[in-house]
Amino acid sequence: MSSLPPDSSADPSPLSGQTALVTGAARRVGAQIARSLHAAGANVVIHCHHSLREAEELAAELERARAASTAIIAGDLLDDALLQRLVDATREHFGSLHLLINNASTFYPTPVGDITAAQWQDLIGTNLRVPLFLTQAAAPLLKRTHGSVVNIVDIHGQRPLRDHVVYSTAKAGLIMLTRALARELAPEVRVNALAPGTILWPESGMDAARKDKILARTPLARSGSPEDIARAVLFFATEAPFVTGQILAVDGGRSIGW
């Protein structure tokens, strides 16, 4: 007789009764993460900054599937007061917090010679400082639920992207922060990270030749999708109780085929 553990993937709602807070959740990858966590049964707190209309549309979509299962909190994460407000509002809406997804990010070039202090504050702030202080604010709730943190880093946190000195540095810091917090918050809270490769092309635009060059360096020879990131978040949330401090590349092999 088989002694294999039950297949939890057969459970359509492995996060039923749990609450997830997703930063930058109104659009792009963040919105798909929110959808996937909600489909797995979680209540979802949708954070947005400028994309309130998109956040409201996403919440309406999720509410049609399950009523009273979402909340929206809008604001600039660089405002220190907002970080504690996010945690407090999550507790007030749903009573607990099980999963924090530090997804919000700013991304733009900062070539050496033109880097400004404002760019440093913005890129380091959104990509490194905010995940630290938001996780710190959320830690008491996460410890009570033996919860989990998933940080969205970048393959360029380990292999710098040309002309993106500050962004690459910030993501490198977030990789180390993931590992450090995994030690600090153990054994109650697990902390892991995903390092996407080419998932969605930058909104600022990129010419076809540049896209082709990137894909040529990717062993799977194609870009990924927001669903690929969302599935990996679900893995950490539901299938990896003995995994912490790890950085999972979701990049089609690009980090090995550079």
# chains A, B, ... in the order shown; residues from 1 in each chain; ligands from 1

$ select_by_dssp --residues "region 37-250 of chain A" --states "strand (DSSP E)" --output "number ranges by chain"
A: 43-48, 70-74, 99-102, 148-152, 190-196, 247-250

$ select_by_dssp --residues "region 43-182 of chain A" --states "helix (DSSP H, G or I)" --output "ChimeraX atom specification"
/A:52-65,80-94,117-145,155-157,165-182

$ residues_around --residues "Gly173 (chain A)" --least-positions-apart "5" --cutoff "10 Å" --atoms "only C-alpha atoms" --output "NGL selection string"
:A and (124 or 127-129 or 153 or 157-158 or 167-168 or 178)

$ residues_around --residues "Leu132 (chain A)" --least-positions-apart "3" --cutoff "12 Å" --atoms "only C-alpha atoms" --output "PyMOL selection string"
chain A and resi 77-78+80+83+100-102+124-129+135-139+149-151+170+173-182+184+191

$ write_last_selection --atoms "N, CA and C atoms" --output "mmCIF file, in the first residue's frame"
data_model
loop_
_atom_site.group_PDB
_atom_site.id
_atom_site.type_symbol
_atom_site.label_atom_id
_atom_site.label_comp_id
_atom_site.auth_asym_id
_atom_site.auth_seq_id
_atom_site.Cartn_x
_atom_site.Cartn_y
_atom_site.Cartn_z
ATOM 1 N N LEU A 77 3.654 53.738 -1.370
ATOM 2 C CA LEU A 77 4.382 52.920 -0.408
ATOM 3 C C LEU A 77 5.602 53.635 0.163
ATOM 4 N N LEU A 78 6.055 54.692 -0.490
ATOM 5 C CA LEU A 78 7.177 55.458 0.064
ATOM 6 C C LEU A 78 6.740 56.350 1.218
ATOM 7 N N ASP A 80 5.811 56.298 4.746
ATOM 8 C CA ASP A 80 6.002 55.326 5.819
ATOM 9 C C ASP A 80 4.706 55.002 6.552
ATOM 10 N N LEU A 83 2.506 51.978 5.312
ATOM 11 C CA LEU A 83 2.892 50.582 5.521
ATOM 12 C C LEU A 83 2.162 49.984 6.720
ATOM 13 N N LEU A 100 2.099 37.604 2.551
ATOM 14 C CA LEU A 100 2.477 38.930 2.074
ATOM 15 C C LEU A 100 3.292 38.767 0.802
ATOM 16 N N ILE A 101 2.832 39.412 -0.265
ATOM 17 C CA ILE A 101 3.550 39.398 -1.541
ATOM 18 C C ILE A 101 4.079 40.797 -1.803
ATOM 19 N N ASN A 102 5.389 40.973 -1.693
ATOM 20 C CA ASN A 102 6.037 42.254 -1.984
ATOM 21 C C ASN A 102 6.336 42.306 -3.478
ATOM 22 N N ILE A 124 15.589 52.443 -4.773
ATOM 23 C CA ILE A 124 15.937 51.704 -3.555
ATOM 24 C C ILE A 124 14.726 51.636 -2.634
ATOM 25 N N GLY A 125 13.960 52.721 -2.607
ATOM 26 C CA GLY A 125 12.788 52.759 -1.733
ATOM 27 C C GLY A 125 11.758 51.714 -2.092
ATOM 28 N N THR A 126 11.297 51.695 -3.328
ATOM 29 C CA THR A 126 10.220 50.773 -3.694
ATOM 30 C C THR A 126 10.687 49.328 -3.753
ATOM 31 N N ASN A 127 11.929 49.102 -4.190
ATOM 32 C CA ASN A 127 12.396 47.737 -4.413
ATOM 33 C C ASN A 127 13.077 47.094 -3.213
ATOM 34 N N LEU A 128 13.473 47.869 -2.227
ATOM 35 C CA LEU A 128 14.209 47.308 -1.084
ATOM 36 C C LEU A 128 13.686 47.812 0.253
ATOM 37 N N ARG A 129 13.595 49.128 0.387
ATOM 38 C CA ARG A 129 13.187 49.689 1.675
ATOM 39 C C ARG A 129 11.753 49.297 2.039
ATOM 40 N N THR A 135 7.322 44.191 5.643
ATOM 41 C CA THR A 135 7.441 42.878 6.281
ATOM 42 C C THR A 135 7.589 43.021 7.787
ATOM 43 N N GLN A 136 8.367 43.995 8.218
ATOM 44 C CA GLN A 136 8.518 44.230 9.656
ATOM 45 C C GLN A 136 7.178 44.565 10.304
ATOM 46 N N ALA A 137 6.388 45.409 9.639
ATOM 47 C CA ALA A 137 5.081 45.771 10.182
ATOM 48 C C ALA A 137 4.138 44.575 10.208
ATOM 49 N N ALA A 138 4.264 43.703 9.194
ATOM 50 C CA ALA A 138 3.358 42.553 9.088
ATOM 51 C C ALA A 138 3.796 41.373 9.936
ATOM 52 N N ALA A 139 5.034 41.370 10.399
ATOM 53 C CA ALA A 139 5.584 40.195 11.063
ATOM 54 C C ALA A 139 4.747 39.708 12.254
ATOM 55 N N VAL A 149 6.081 35.021 3.402
ATOM 56 C CA VAL A 149 6.377 36.208 2.603
ATOM 57 C C VAL A 149 7.001 35.753 1.295
ATOM 58 N N VAL A 150 6.532 36.322 0.193
ATOM 59 C CA VAL A 150 7.167 36.084 -1.109
ATOM 60 C C VAL A 150 7.545 37.433 -1.696
ATOM 61 N N ASN A 151 8.834 37.623 -1.920
ATOM 62 C CA ASN A 151 9.340 38.839 -2.548
ATOM 63 C C ASN A 151 9.543 38.600 -4.040
ATOM 64 N N ALA A 170 19.209 47.514 -6.142
ATOM 65 C CA ALA A 170 18.072 47.360 -5.242
ATOM 66 C C ALA A 170 17.587 45.916 -5.206
ATOM 67 N N GLY A 173 19.882 43.761 -3.285
ATOM 68 C CA GLY A 173 19.626 43.937 -1.861
ATOM 69 C C GLY A 173 18.409 43.164 -1.397
ATOM 70 N N LEU A 174 17.374 43.100 -2.247
ATOM 71 C CA LEU A 174 16.162 42.378 -1.878
ATOM 72 C C LEU A 174 16.415 40.872 -1.821
ATOM 73 N N ILE A 175 17.304 40.378 -2.649
ATOM 74 C CA ILE A 175 17.680 38.971 -2.555
ATOM 75 C C ILE A 175 18.319 38.686 -1.202
ATOM 76 N N MET A 176 19.255 39.524 -0.791
ATOM 77 C CA MET A 176 19.881 39.327 0.519
ATOM 78 C C MET A 176 18.879 39.541 1.648
ATOM 79 N N LEU A 177 17.995 40.528 1.490
ATOM 80 C CA LEU A 177 16.970 40.761 2.507
ATOM 81 C C LEU A 177 16.086 39.525 2.673
ATOM 82 N N THR A 178 15.742 38.870 1.572
ATOM 83 C CA THR A 178 14.942 37.650 1.640
ATOM 84 C C THR A 178 15.624 36.609 2.511
ATOM 85 N N ARG A 179 16.889 36.400 2.282
ATOM 86 C CA ARG A 179 17.622 35.388 3.044
ATOM 87 C C ARG A 179 17.776 35.792 4.511
ATOM 88 N N ALA A 180 18.057 37.082 4.725
ATOM 89 C CA ALA A 180 18.234 37.546 6.106
ATOM 90 C C ALA A 180 16.929 37.442 6.899
ATOM 91 N N LEU A 181 15.817 37.855 6.278
ATOM 92 C CA LEU A 181 14.536 37.778 6.980
ATOM 93 C C LEU A 181 14.100 36.337 7.200
ATOM 94 N N ALA A 182 14.469 35.443 6.284
ATOM 95 C CA ALA A 182 14.149 34.035 6.489
ATOM 96 C C ALA A 182 14.780 33.517 7.768
ATOM 97 N N GLU A 184 15.730 35.592 10.368
ATOM 98 C CA GLU A 184 15.225 36.385 11.493
ATOM 99 C C GLU A 184 13.810 35.990 11.905
ATOM 100 N N VAL A 191 10.159 32.936 4.379
ATOM 101 C CA VAL A 191 10.409 34.059 3.473
ATOM 102 C C VAL A 191 11.171 33.538 2.266
#

$ closest_residue --among "A:Glu57, A:Asp212, A:Asp79, A:Glu63" --to "Phe133 (chain A)" --atoms "only C-alpha atoms"
A:Asp79

$ residues_around --residues "Ala67 (chain A)" --least-positions-apart "5" --cutoff "12 Å" --atoms "only C-alpha atoms" --output "PyMOL selection string"
chain A and resi 38+41-44+59-62

$ closest_residue --among "A:Ile46, A:Ala216, A:Ala20, A:Leu134" --to "Leu99 (chain A)" --atoms "only C-alpha atoms"
A:Ala20

$ closest_residue --among "A:Ala31, A:Cys48, A:Ile247, A:Leu141" --to "Gln84 (chain A)" --atoms "only C-alpha atoms"
A:Leu141

$ residues_around --residues "Ile115 (chain A)" --least-positions-apart "6" --cutoff "10 Å" --atoms "only C-alpha atoms" --output "list in words"
Pro109, Asp163, His164, Val165 and Val166 of chain A

$ closest_atom_pairs --of "region 14-45 of chain A" --to "region 235-245 of chain A" --cutoff "12 Å" --atoms "only C-alpha atoms" --output "CSV"
residue,atom,partner,partner_atom,distance
A:Pro14,CA,A:Thr238,CA,6.7
A:Leu15,CA,A:Thr238,CA,7.4
A:Ser16,CA,A:Thr238,CA,11.0
A:Gln18,CA,A:Ala237,CA,10.6
A:Thr19,CA,A:Ala237,CA,11.3
A:Ala20,CA,A:Ala237,CA,9.9
A:Ile33,CA,A:Ala237,CA,11.5
A:Ser36,CA,A:Phe235,CA,11.2
A:Leu37,CA,A:Ala237,CA,9.0
A:Ala40,CA,A:Thr238,CA,9.4
A:Gly41,CA,A:Thr238,CA,11.3
A:Ala42,CA,A:Ala237,CA,10.7

$ atom_distance --atom1 "CA of Ala104 (chain A)" --atom2 "CA of Pro160 (chain A)"
19.6 Å

$ atom_distance --atom1 "CA of Ala221 (chain A)" --atom2 "CA of Ala26 (chain A)"
28.8 Å

$ atom_distance --atom1 "CA of Leu142 (chain A)" --atom2 "CA of Val22 (chain A)"
14.0 Å

$ decode --residues "region 204-216 of chain A" --atoms "C-alpha atoms" --output "PDB file, in the first residue's frame"
ATOM      1  CA  SER A 204       8.302  52.052 -21.991  1.00  0.00           C
ATOM      2  CA  GLY A 205       8.701  50.077 -25.190  1.00  0.00           C
ATOM      3  CA  MET A 206      11.451  47.920 -26.640  1.00  0.00           C
ATOM      4  CA  ASP A 207      12.307  47.374 -30.279  1.00  0.00           C
ATOM      5  CA  ALA A 208      11.827  43.985 -31.918  1.00  0.00           C
ATOM      6  CA  ALA A 209      15.553  43.414 -32.421  1.00  0.00           C
ATOM      7  CA  ARG A 210      16.227  43.812 -28.717  1.00  0.00           C
ATOM      8  CA  LYS A 211      13.396  41.421 -27.846  1.00  0.00           C
ATOM      9  CA  ASP A 212      14.716  38.846 -30.312  1.00  0.00           C
ATOM     10  CA  LYS A 213      18.203  39.122 -28.824  1.00  0.00           C
ATOM     11  CA  ILE A 214      16.876  38.505 -25.304  1.00  0.00           C
ATOM     12  CA  LEU A 215      14.819  35.501 -26.384  1.00  0.00           C
ATOM     13  CA  ALA A 216      17.808  34.082 -28.268  1.00  0.00           C
TER      14      ALA A 216
END
